[in-house]
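S.K.: For reference, the file target-v3.csv (CSV, N, CA and C atoms) is included below:
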chain,number,residue,atom,x,y,z
A,1,MET,N,86.9,12.1,161.0
A,1,MET,CA,87.5,12.6,162.2
A,1,MET,C,88.0,11.4,163.0
A,2,THR,N,89.1,11.5,163.6
A,2,THR,CA,89.7,10.4,164.4
A,2,THR,C,89.0,10.3,165.7
A,3,PRO,N,89.1,9.1,166.3
A,3,PRO,CA,88.5,8.9,167.6
A,3,PRO,C,89.0,9.9,168.6
A,4,ALA,N,90.3,10.2,168.6
A,4,ALA,CA,90.8,11.2,169.6
A,4,ALA,C,90.2,12.6,169.4
A,5,ALA,N,90.0,13.0,168.1
A,5,ALA,CA,89.4,14.2,167.8
A,5,ALA,C,87.9,14.3,168.2
A,6,MET,N,87.2,13.1,168.0
A,6,MET,CA,85.8,13.1,168.4
A,6,MET,C,85.7,13.3,170.0
A,7,ILE,N,86.6,12.6,170.7
A,7,ILE,CA,86.5,12.7,172.2
A,7,ILE,C,86.9,14.1,172.6
A,8,ALA,N,87.8,14.8,171.9
A,8,ALA,CA,88.2,16.1,172.2
A,8,ALA,C,87.0,17.1,172.0
A,9,VAL,N,86.3,16.9,171.0
A,9,VAL,CA,85.1,17.7,170.7
A,9,VAL,C,84.1,17.5,171.8
A,10,VAL,N,83.9,16.3,172.3
A,10,VAL,CA,83.0,16.0,173.4
A,10,VAL,C,83.4,16.7,174.6
A,11,ARG,N,84.7,16.7,174.9
A,11,ARG,CA,85.2,17.4,176.1
A,11,ARG,C,84.9,18.8,176.0
A,12,ASP,N,85.1,19.4,174.9
A,12,ASP,CA,84.8,20.9,174.7
A,12,ASP,C,83.3,21.1,174.9
A,13,ARG,N,82.5,20.2,174.6
A,13,ARG,CA,81.0,20.3,174.7
A,13,ARG,C,80.5,19.7,175.9
A,14,ARG,N,81.3,19.4,176.9
A,14,ARG,CA,80.9,18.6,178.1
A,14,ARG,C,79.8,19.3,178.8
A,15,SER,N,79.8,20.6,178.9
A,15,SER,CA,78.7,21.3,179.7
A,15,SER,C,77.3,21.1,179.1
A,16,GLY,N,77.3,20.7,177.8
A,16,GLY,CA,76.0,20.4,177.2
A,16,GLY,C,75.5,19.0,177.4
A,17,ILE,N,76.3,18.1,177.9
A,17,ILE,CA,76.0,16.7,178.1
A,17,ILE,C,75.3,16.6,179.5
A,18,VAL,N,74.0,16.1,179.5
A,18,VAL,CA,73.3,16.0,180.7
A,18,VAL,C,72.9,14.6,181.0
A,19,ARG,N,73.1,13.7,180.1
A,19,ARG,CA,72.7,12.3,180.3
A,19,ARG,C,73.6,11.3,179.6
A,20,LEU,N,73.7,10.1,180.2
A,20,LEU,CA,74.4,9.0,179.6
A,20,LEU,C,73.5,7.8,179.6
A,21,ASP,N,73.2,7.3,178.4
A,21,ASP,CA,72.4,6.1,178.3
A,21,ASP,C,73.3,4.9,178.0
A,22,VAL,N,73.2,3.9,178.8
A,22,VAL,CA,74.0,2.7,178.7
A,22,VAL,C,73.1,1.5,178.3
A,23,VAL,N,73.4,0.8,177.3
A,23,VAL,CA,72.7,-0.4,176.8
A,23,VAL,C,73.6,-1.6,176.8
A,24,HIS,N,73.2,-2.7,177.4
A,24,HIS,CA,74.0,-3.9,177.4
A,24,HIS,C,73.2,-5.1,177.0
A,25,LEU,N,73.6,-5.8,176.0
A,25,LEU,CA,72.9,-7.1,175.7
A,25,LEU,C,73.8,-8.2,176.4
A,26,HIS,N,73.2,-9.0,177.1
A,26,HIS,CA,74.0,-10.0,177.9
A,26,HIS,C,75.0,-10.7,177.0
A,27,ASP,N,76.2,-10.9,177.6
A,27,ASP,CA,77.4,-11.3,176.9
A,27,ASP,C,77.2,-12.6,176.2
A,28,HIS,N,76.3,-13.5,176.7
A,28,HIS,CA,76.1,-14.8,176.1
A,28,HIS,C,74.7,-15.0,175.5
A,29,ALA,N,74.0,-13.9,175.3
A,29,ALA,CA,72.7,-14.0,174.7
A,29,ALA,C,72.8,-14.4,173.3
A,30,ALA,N,72.0,-15.4,172.9
A,30,ALA,CA,72.1,-15.9,171.5
A,30,ALA,C,71.4,-14.9,170.6
A,31,SER,N,71.9,-14.7,169.4
A,31,SER,CA,71.3,-13.9,168.4
A,31,SER,C,71.3,-14.6,167.1
A,32,PRO,N,70.2,-14.8,166.4
A,32,PRO,CA,70.2,-15.5,165.1
A,32,PRO,C,70.9,-14.7,164.0
A,33,LEU,N,71.0,-13.4,164.2
A,33,LEU,CA,71.6,-12.5,163.2
A,33,LEU,C,72.7,-11.7,163.9
A,34,PRO,N,73.7,-11.3,163.1
A,34,PRO,CA,74.7,-10.4,163.7
A,34,PRO,C,74.0,-9.1,164.3
A,35,ILE,N,74.5,-8.6,165.4
A,35,ILE,CA,73.9,-7.4,166.0
A,35,ILE,C,74.5,-6.2,165.4
A,36,ALA,N,73.7,-5.4,164.7
A,36,ALA,CA,74.2,-4.1,164.1
A,36,ALA,C,74.3,-3.1,165.2
A,37,PRO,N,75.3,-2.3,165.3
A,37,PRO,CA,75.4,-1.2,166.3
A,37,PRO,C,74.2,-0.3,166.4
A,38,GLU,N,73.6,0.0,165.2
A,38,GLU,CA,72.5,0.9,165.2
A,38,GLU,C,71.2,0.2,165.8
A,39,THR,N,71.2,-1.1,165.9
A,39,THR,CA,70.0,-1.7,166.4
A,39,THR,C,70.1,-2.2,167.9
A,40,LEU,N,71.3,-2.2,168.4
A,40,LEU,CA,71.6,-2.7,169.8
A,40,LEU,C,70.6,-2.1,170.8
A,41,ASP,N,70.4,-0.8,170.8
A,41,ASP,CA,69.5,-0.2,171.8
A,41,ASP,C,68.0,-0.5,171.6
A,42,ARG,N,67.7,-1.2,170.5
A,42,ARG,CA,66.3,-1.5,170.3
A,42,ARG,C,66.0,-3.0,170.5
A,43,LEU,N,67.0,-3.8,170.9
A,43,LEU,CA,66.8,-5.2,171.0
A,43,LEU,C,66.1,-5.6,172.3
A,44,GLU,N,65.1,-6.5,172.2
A,44,GLU,CA,64.4,-6.9,173.3
A,44,GLU,C,65.3,-7.7,174.2
A,45,GLY,N,65.2,-7.5,175.5
A,45,GLY,CA,66.1,-8.2,176.5
A,45,GLY,C,67.4,-7.5,176.8
A,46,ALA,N,67.6,-6.4,176.2
A,46,ALA,CA,68.8,-5.6,176.5
A,46,ALA,C,68.6,-4.8,177.9
A,47,PHE,N,69.6,-4.8,178.6
A,47,PHE,CA,69.6,-4.0,179.9
A,47,PHE,C,69.8,-2.6,179.6
A,48,ARG,N,69.0,-1.7,180.1
A,48,ARG,CA,69.2,-0.2,179.9
A,48,ARG,C,69.3,0.5,181.2
A,49,HIS,N,70.2,1.5,181.2
A,49,HIS,CA,70.4,2.3,182.4
A,49,HIS,C,70.6,3.8,181.9
A,50,ARG,N,70.0,4.7,182.6
A,50,ARG,CA,70.1,6.1,182.3
A,50,ARG,C,70.8,6.8,183.5
A,51,VAL,N,71.8,7.5,183.1
A,51,VAL,CA,72.7,8.2,184.1
A,51,VAL,C,72.5,9.7,184.0
A,52,VAL,N,72.2,10.4,185.0
A,52,VAL,CA,72.2,11.9,185.0
A,52,VAL,C,73.2,12.5,186.0
A,53,ASP,N,73.9,11.7,186.7
A,53,ASP,CA,74.9,12.1,187.7
A,53,ASP,C,76.1,12.6,186.9
A,54,PRO,N,76.4,14.0,187.1
A,54,PRO,CA,77.5,14.5,186.3
A,54,PRO,C,78.9,13.9,186.7
A,55,VAL,N,79.0,13.5,187.9
A,55,VAL,CA,80.3,12.8,188.4
A,55,VAL,C,80.5,11.5,187.6
A,56,LEU,N,79.5,10.7,187.5
A,56,LEU,CA,79.6,9.5,186.8
A,56,LEU,C,79.8,9.7,185.3
A,57,ILE,N,79.1,10.7,184.7
A,57,ILE,CA,79.3,11.1,183.3
A,57,ILE,C,80.7,11.5,183.1
A,58,ASP,N,81.3,12.3,183.9
A,58,ASP,CA,82.7,12.7,183.8
A,58,ASP,C,83.6,11.5,183.9
A,59,ALA,N,83.3,10.6,184.9
A,59,ALA,CA,84.2,9.4,185.0
A,59,ALA,C,84.1,8.6,183.8
A,60,ALA,N,83.0,8.4,183.1
A,60,ALA,CA,82.9,7.6,181.9
A,60,ALA,C,83.7,8.3,180.8
A,61,LEU,N,83.6,9.6,180.7
A,61,LEU,CA,84.4,10.3,179.7
A,61,LEU,C,85.9,10.2,179.9
A,62,ALA,N,86.3,10.2,181.2
A,62,ALA,CA,87.7,10.1,181.5
A,62,ALA,C,88.3,8.7,181.2
A,63,VAL,N,87.4,7.7,181.4
A,63,VAL,CA,87.8,6.3,181.1
A,63,VAL,C,88.0,6.2,179.6
A,64,ILE,N,87.0,6.7,178.8
A,64,ILE,CA,87.1,6.7,177.4
A,64,ILE,C,88.4,7.4,176.8
A,65,GLU,N,88.7,8.5,177.4
A,65,GLU,CA,89.9,9.2,177.0
A,65,GLU,C,91.1,8.4,177.2
A,66,ALA,N,91.1,7.7,178.3
A,66,ALA,CA,92.3,6.9,178.7
A,66,ALA,C,92.5,5.6,178.0
A,67,THR,N,91.6,5.3,177.1
A,67,THR,CA,91.7,4.0,176.4
A,67,THR,C,92.5,4.1,175.1
A,68,ASN,N,92.8,5.3,174.7
A,68,ASN,CA,93.6,5.5,173.4
A,68,ASN,C,93.1,4.7,172.3
A,69,ALA,N,91.9,4.9,171.9
A,69,ALA,CA,91.3,4.1,170.8
A,69,ALA,C,92.0,4.5,169.5
A,70,ALA,N,92.3,3.5,168.7
A,70,ALA,CA,92.9,3.7,167.4
A,70,ALA,C,92.0,3.0,166.3
A,71,PRO,N,91.9,3.7,165.2
A,71,PRO,CA,91.0,3.1,164.1
A,71,PRO,C,91.6,1.7,163.7
A,72,GLN,N,90.7,0.8,163.6
A,72,GLN,CA,91.0,-0.6,163.2
A,72,GLN,C,89.8,-1.3,162.8
A,73,ARG,N,89.7,-1.7,161.5
A,73,ARG,CA,88.6,-2.5,161.0
A,73,ARG,C,88.5,-3.8,161.7
A,74,HIS,N,87.3,-4.2,162.2
A,74,HIS,CA,87.2,-5.5,162.8
A,74,HIS,C,85.7,-5.7,162.9
A,75,ARG,N,85.3,-6.9,162.5
A,75,ARG,CA,83.9,-7.3,162.7
A,75,ARG,C,83.6,-7.6,164.1
A,76,ALA,N,83.2,-6.6,164.9
A,76,ALA,CA,83.0,-6.8,166.3
A,76,ALA,C,81.5,-7.2,166.6
A,77,GLU,N,81.4,-8.0,167.6
A,77,GLU,CA,80.0,-8.3,168.1
A,77,GLU,C,79.8,-7.4,169.3
A,78,LEU,N,79.2,-6.2,169.0
A,78,LEU,CA,79.1,-5.1,169.9
A,78,LEU,C,77.9,-5.4,170.8
A,79,ARG,N,78.2,-5.5,172.1
A,79,ARG,CA,77.2,-5.8,173.1
A,79,ARG,C,76.9,-4.6,174.1
A,80,TRP,N,77.7,-3.6,174.1
A,80,TRP,CA,77.6,-2.4,174.9
A,80,TRP,C,77.4,-1.2,174.1
A,81,LYS,N,76.6,-0.2,174.5
A,81,LYS,CA,76.5,1.1,173.9
A,81,LYS,C,76.4,2.1,174.9
A,82,LEU,N,77.2,3.2,174.7
A,82,LEU,CA,77.2,4.4,175.6
A,82,LEU,C,76.8,5.5,174.7
A,83,SER,N,75.8,6.2,175.1
A,83,SER,CA,75.3,7.4,174.3
A,83,SER,C,75.2,8.6,175.3
A,84,PHE,N,76.1,9.6,175.0
A,84,PHE,CA,76.2,10.8,175.8
A,84,PHE,C,75.2,11.8,175.1
A,85,ARG,N,74.3,12.3,175.8
A,85,ARG,CA,73.2,13.1,175.2
A,85,ARG,C,73.1,14.5,175.8
A,86,ASP,N,72.6,15.4,175.0
A,86,ASP,CA,72.3,16.8,175.4
A,86,ASP,C,71.0,16.9,176.0
A,87,CYS,N,70.6,18.1,176.4
A,87,CYS,CA,69.3,18.4,177.1
A,87,CYS,C,68.1,18.1,176.2
A,88,ASP,N,68.3,18.1,174.9
A,88,ASP,CA,67.2,17.7,174.0
A,88,ASP,C,67.2,16.2,173.6
A,89,GLY,N,68.1,15.5,174.3
A,89,GLY,CA,68.1,14.0,174.0
A,89,GLY,C,68.9,13.6,172.8
A,90,ARG,N,69.5,14.6,172.1
A,90,ARG,CA,70.3,14.3,171.0
A,90,ARG,C,71.7,13.7,171.4
A,91,PRO,N,72.2,12.7,170.7
A,91,PRO,CA,73.5,12.2,171.0
A,91,PRO,C,74.6,13.1,170.7
A,92,VAL,N,75.5,13.3,171.6
A,92,VAL,CA,76.7,14.1,171.4
A,92,VAL,C,77.9,13.2,171.0
A,93,LEU,N,77.9,12.0,171.6
A,93,LEU,CA,78.9,11.0,171.3
A,93,LEU,C,78.3,9.6,171.6
A,94,GLU,N,78.5,8.7,170.6
A,94,GLU,CA,78.1,7.3,170.9
A,94,GLU,C,79.3,6.4,170.7
A,95,LEU,N,79.3,5.4,171.6
A,95,LEU,CA,80.4,4.5,171.6
A,95,LEU,C,79.9,3.1,171.9
A,96,TRP,N,80.4,2.1,171.1
A,96,TRP,CA,80.0,0.7,171.3
A,96,TRP,C,81.3,-0.1,171.7
A,97,HIS,N,81.1,-1.2,172.4
A,97,HIS,CA,82.2,-2.0,172.8
A,97,HIS,C,81.8,-3.5,172.8
A,98,GLU,N,82.7,-4.4,172.4
A,98,GLU,CA,82.5,-5.8,172.5
A,98,GLU,C,82.4,-6.2,174.0
A,99,SER,N,82.0,-7.4,174.3
A,99,SER,CA,81.9,-7.9,175.7
A,99,SER,C,83.2,-8.4,176.2
A,100,PHE,N,84.1,-8.9,175.4
A,100,PHE,CA,85.3,-9.5,175.9
A,100,PHE,C,86.6,-9.0,175.2
A,101,GLU,N,86.5,-8.6,174.0
A,101,GLU,CA,87.7,-8.1,173.3
A,101,GLU,C,87.8,-6.6,173.2
A,102,PRO,N,89.0,-6.1,172.9
A,102,PRO,CA,89.2,-4.6,173.0
A,102,PRO,C,88.8,-3.9,171.7
A,103,TYR,N,87.7,-4.3,171.1
A,103,TYR,CA,87.2,-3.7,169.9
A,103,TYR,C,85.9,-3.0,170.1
A,104,GLY,N,85.6,-2.0,169.3
A,104,GLY,CA,84.4,-1.3,169.4
A,104,GLY,C,84.2,-0.3,168.2
A,105,ARG,N,83.5,0.7,168.6
A,105,ARG,CA,83.2,1.8,167.6
A,105,ARG,C,83.0,3.1,168.3
A,106,ILE,N,83.5,4.2,167.8
A,106,ILE,CA,83.3,5.5,168.3
A,106,ILE,C,82.7,6.3,167.1
A,107,GLY,N,81.4,6.7,167.3
A,107,GLY,CA,80.8,7.3,166.1
A,107,GLY,C,80.6,6.2,165.1
A,108,SER,N,81.1,6.5,163.9
A,108,SER,CA,81.1,5.6,162.8
A,108,SER,C,82.4,4.9,162.5
A,109,VAL,N,83.4,5.1,163.4
A,109,VAL,CA,84.7,4.6,163.2
A,109,VAL,C,85.0,3.4,164.1
A,110,GLU,N,85.3,2.2,163.4
A,110,GLU,CA,85.6,1.0,164.1
A,110,GLU,C,87.0,1.2,164.8
A,111,VAL,N,87.2,0.8,166.0
A,111,VAL,CA,88.4,1.0,166.8
A,111,VAL,C,88.8,-0.2,167.5
A,112,ARG,N,90.1,-0.1,167.9
A,112,ARG,CA,90.7,-1.1,168.9
A,112,ARG,C,91.1,-0.2,170.1
A,113,PHE,N,90.7,-0.6,171.3
A,113,PHE,CA,91.0,0.1,172.5
A,113,PHE,C,92.4,-0.5,173.0
A,114,ALA,N,93.2,0.4,173.5
A,114,ALA,CA,94.6,0.0,174.0
A,114,ALA,C,94.5,-0.8,175.3
A,115,ASN,N,93.4,-0.7,176.0
A,115,ASN,CA,93.3,-1.4,177.3
A,115,ASN,C,91.8,-1.7,177.6
A,116,ASP,N,91.6,-2.4,178.7
A,116,ASP,CA,90.2,-2.8,179.0
A,116,ASP,C,89.5,-1.9,180.0
A,117,ARG,N,89.9,-0.7,180.2
A,117,ARG,CA,89.3,0.2,181.2
A,117,ARG,C,87.8,0.4,181.0
A,118,ILE,N,87.4,0.6,179.7
A,118,ILE,CA,86.0,0.8,179.5
A,118,ILE,C,85.2,-0.4,180.0
A,119,LEU,N,85.6,-1.6,179.6
A,119,LEU,CA,84.9,-2.8,180.1
A,119,LEU,C,84.8,-2.9,181.6
A,120,ARG,N,86.0,-2.7,182.2
A,120,ARG,CA,86.0,-2.8,183.7
A,120,ARG,C,85.0,-1.7,184.3
A,121,PHE,N,85.0,-0.5,183.7
A,121,PHE,CA,84.1,0.6,184.2
A,121,PHE,C,82.7,0.1,184.1
A,122,LEU,N,82.3,-0.4,182.9
A,122,LEU,CA,81.0,-0.8,182.6
A,122,LEU,C,80.5,-1.9,183.5
A,123,ARG,N,81.4,-2.9,183.6
A,123,ARG,CA,81.0,-4.1,184.4
A,123,ARG,C,80.9,-3.8,185.9
A,124,ALA,N,81.6,-2.8,186.4
A,124,ALA,CA,81.6,-2.4,187.8
A,124,ALA,C,80.3,-1.7,188.1
A,125,ARG,N,79.7,-1.1,187.1
A,125,ARG,CA,78.6,-0.2,187.4
A,125,ARG,C,77.2,-0.5,186.7
A,126,PHE,N,77.2,-1.3,185.6
A,126,PHE,CA,76.0,-1.5,184.8
A,126,PHE,C,75.6,-2.9,184.5
A,127,VAL,N,76.2,-3.9,185.1
A,127,VAL,CA,75.8,-5.3,184.8
A,127,VAL,C,74.6,-5.6,185.8
A,128,PRO,N,73.5,-6.1,185.3
A,128,PRO,CA,72.4,-6.4,186.2
A,128,PRO,C,72.7,-7.5,187.2
A,129,LEU,N,72.2,-7.4,188.4
A,129,LEU,CA,72.4,-8.4,189.4
A,129,LEU,C,71.7,-9.7,189.0
A,130,GLU,N,72.2,-10.8,189.4
A,130,GLU,CA,71.7,-12.1,189.1
A,130,GLU,C,70.2,-12.1,189.5
A,131,GLY,N,69.3,-12.5,188.6
A,131,GLY,CA,67.9,-12.6,188.8
A,131,GLY,C,67.2,-11.3,188.6
A,132,GLU,N,67.9,-10.2,188.4
A,132,GLU,CA,67.3,-8.9,188.1
A,132,GLU,C,66.7,-8.9,186.7
A,133,PRO,N,65.4,-8.5,186.6
A,133,PRO,CA,64.8,-8.5,185.2
A,133,PRO,C,65.5,-7.4,184.3
A,134,VAL,N,65.6,-7.7,183.1
A,134,VAL,CA,66.1,-6.8,182.1
A,134,VAL,C,65.0,-6.1,181.4
A,135,ALA,N,65.2,-4.8,181.0
A,135,ALA,CA,64.2,-4.0,180.4
A,135,ALA,C,63.9,-4.5,179.0
Output the file's structure in the form of structure tokens.
M.R.:
Amino acid sequence: MTPAAMIAVVRDRRSGIVRLDVVHLHDHAASPLPIAPETLDRLEGAFRHRVVDPVLIDAALAVIEATNAAPQRHRAELRWKLSFRDCDGRPVLELWHESFEPYGRIGSVEVRFANDRILRFLRARFVPLEGEPVA
């Protein structure tokens, strides 16, 4: 399934999304091994944020739609994860993004984003303040 088709499915299922989990590993945190997308949310020292505000969830989906993600293979160092979840906690859509470059993953598809809107959105809302402890 293409990234656009995955996002369209999520839009159709929007009423079932009740939560957005955001995970961010500090942009410059050292890692002895490459960070696998599947393990990002289990890393010690990652910042975690849970959103239940439907307005913010809608805004996140709108930003994702506006990025025009296109499939492109790239060995990305993924430091951000967005997981849109239903009332049972099951993921409806998962998206990963690099910290600086326009690469990431939607579901299992590696992508290149056409713009930096997702990063700007994430940095404006989910970067911990200086000195704030990370979970």
S.K.: Residues near range 3-10 of chain A, anyone? I mean within 6.5 Å using only N, CA and C atoms, not counting same-chain ones fewer than 5 positions away, as a PyMOL selection string.
M.R.: chain A and resi 69+71+92+106
S.K.: Taking the DSSP assignment computed from this structure's backbone, write out as a PyMOL selection string all residues of range 81-133 of chain A that belong to helix (DSSP H, G or I).
M.R.: chain A and resi 117-126
S.K.: Please provide the set of residues having any atom within 6 Å of Glu77 in chain A, restricted to only N, CA and C atoms, with same-chain residues fewer than 6 positions apart removed, written as a PyMOL selection string.
M.R.: chain A and resi 97-99
S.K.: Grab the residues selected above and save them as a short mmCIF file (atom, residue, chain, number, x, y, z; two decimals), in the coordinates of the input with N, CA and C atoms.
M.R.:
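File written: part-v6.cif
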data_model
loop_
_atom_site.label_atom_id
_atom_site.label_comp_id
_atom_site.auth_asym_id
_atom_site.auth_seq_id
_atom_site.Cartn_x
_atom_site.Cartn_y
_atom_site.Cartn_z
N HIS A 97 81.10 -1.20 172.40
CA HIS A 97 82.20 -2.00 172.80
C HIS A 97 81.80 -3.50 172.80
N GLU A 98 82.70 -4.40 172.40
CA GLU A 98 82.50 -5.80 172.50
C GLU A 98 82.40 -6.20 174.00
N SER A 99 82.00 -7.40 174.30
CA SER A 99 81.90 -7.90 175.70
C SER A 99 83.20 -8.40 176.20
#
S.K.: If we count all atoms listed in the file, what is near Asp53 in chain A at a cut-off of 8 Å, once residues fewer than 6 positions away on the same chain are taken out, given as a ChimeraX atom specification?
M.R.: /A:18-20,59
S.K.: Enumerate the residues of chain A with a DSSP assignment of strand (DSSP E or B), computed from the backbone, and present them as a ChimeraX atom specification.
M.R.: /A:17-24,47-51,70-71,78-86,91-98,103-106,109-112
S.K.: By how many Å are atom N of Gln72 in chain A and atom C of Pro54 in chain A apart?
M.R.: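 So the two atoms, atom N of Gln72 in chain A and atom C of Pro54 in chain A, lie 29.1 Å apart.
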S.K.: Quote the spacing between CA of Leu40 in chain A and CA of Asp12 in chain A in Å to one decimal place.
M.R.: 27.5 Å
S.K.: Provide the atom C of Gly107 in chain A to atom N of Leu95 in chain A distance in Å, to one decimal place.
M.R.: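 Those two atoms sit 6.7 Å apart.
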S.K.: Can you tell me, as a list of chain:residue names, what residues are no more than 6 Å from His24 in chain A when counting all atoms listed in the file, ignoring any on the same chain fewer than 3 positions away?
M.R.: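 Listed by chain and then number, they are A:Ala46, A:Phe47, A:Arg48, A:Arg79, A:Trp80, A:Lys81.
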S.K.: For the selection you just gave me, I'd like the residues written to a file as a CSV table (one decimal), keeping the file's coordinate frame, keeping N, CA and C atoms.
M.R.:
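Writing done, so here's part11.csv:
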chain,number,residue,atom,x,y,z
A,46,ALA,N,67.6,-6.4,176.2
A,46,ALA,CA,68.8,-5.6,176.5
A,46,ALA,C,68.6,-4.8,177.9
A,47,PHE,N,69.6,-4.8,178.6
A,47,PHE,CA,69.6,-4.0,179.9
A,47,PHE,C,69.8,-2.6,179.6
A,48,ARG,N,69.0,-1.7,180.1
A,48,ARG,CA,69.2,-0.2,179.9
A,48,ARG,C,69.3,0.5,181.2
A,79,ARG,N,78.2,-5.5,172.1
A,79,ARG,CA,77.2,-5.8,173.1
A,79,ARG,C,76.9,-4.6,174.1
A,80,TRP,N,77.7,-3.6,174.1
A,80,TRP,CA,77.6,-2.4,174.9
A,80,TRP,C,77.4,-1.2,174.1
A,81,LYS,N,76.6,-0.2,174.5
A,81,LYS,CA,76.5,1.1,173.9
A,81,LYS,C,76.4,2.1,174.9
S.K.: Could you pull the residues within 8 Å of Asp116 in chain A, counting only N, CA and C atoms, minus those fewer than 6 positions along the same chain, as a list in words?
M.R.: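 Close residues of Asp116 in chain A: Thr67, Glu101, Pro102 and Leu122 of chain A.
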S.K.: Restricting the calculation to only C-alpha atoms, which member of A:Thr2, A:Asn68, A:Ser15, A:Thr39 is positioned closest to Arg112 in chain A?
M.R.: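 Closest to Arg112 in chain A of all the choices is A:Asn68.
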S.K.: Find, counting only C-alpha atoms, the residue in A:Glu94, A:Asp41, A:Asp86, A:Glu65 that gets nearest to Val109 in chain A.
M.R.: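 Looking only at the distances to Val109 in chain A, the closest residue turns out to be A:Glu94.
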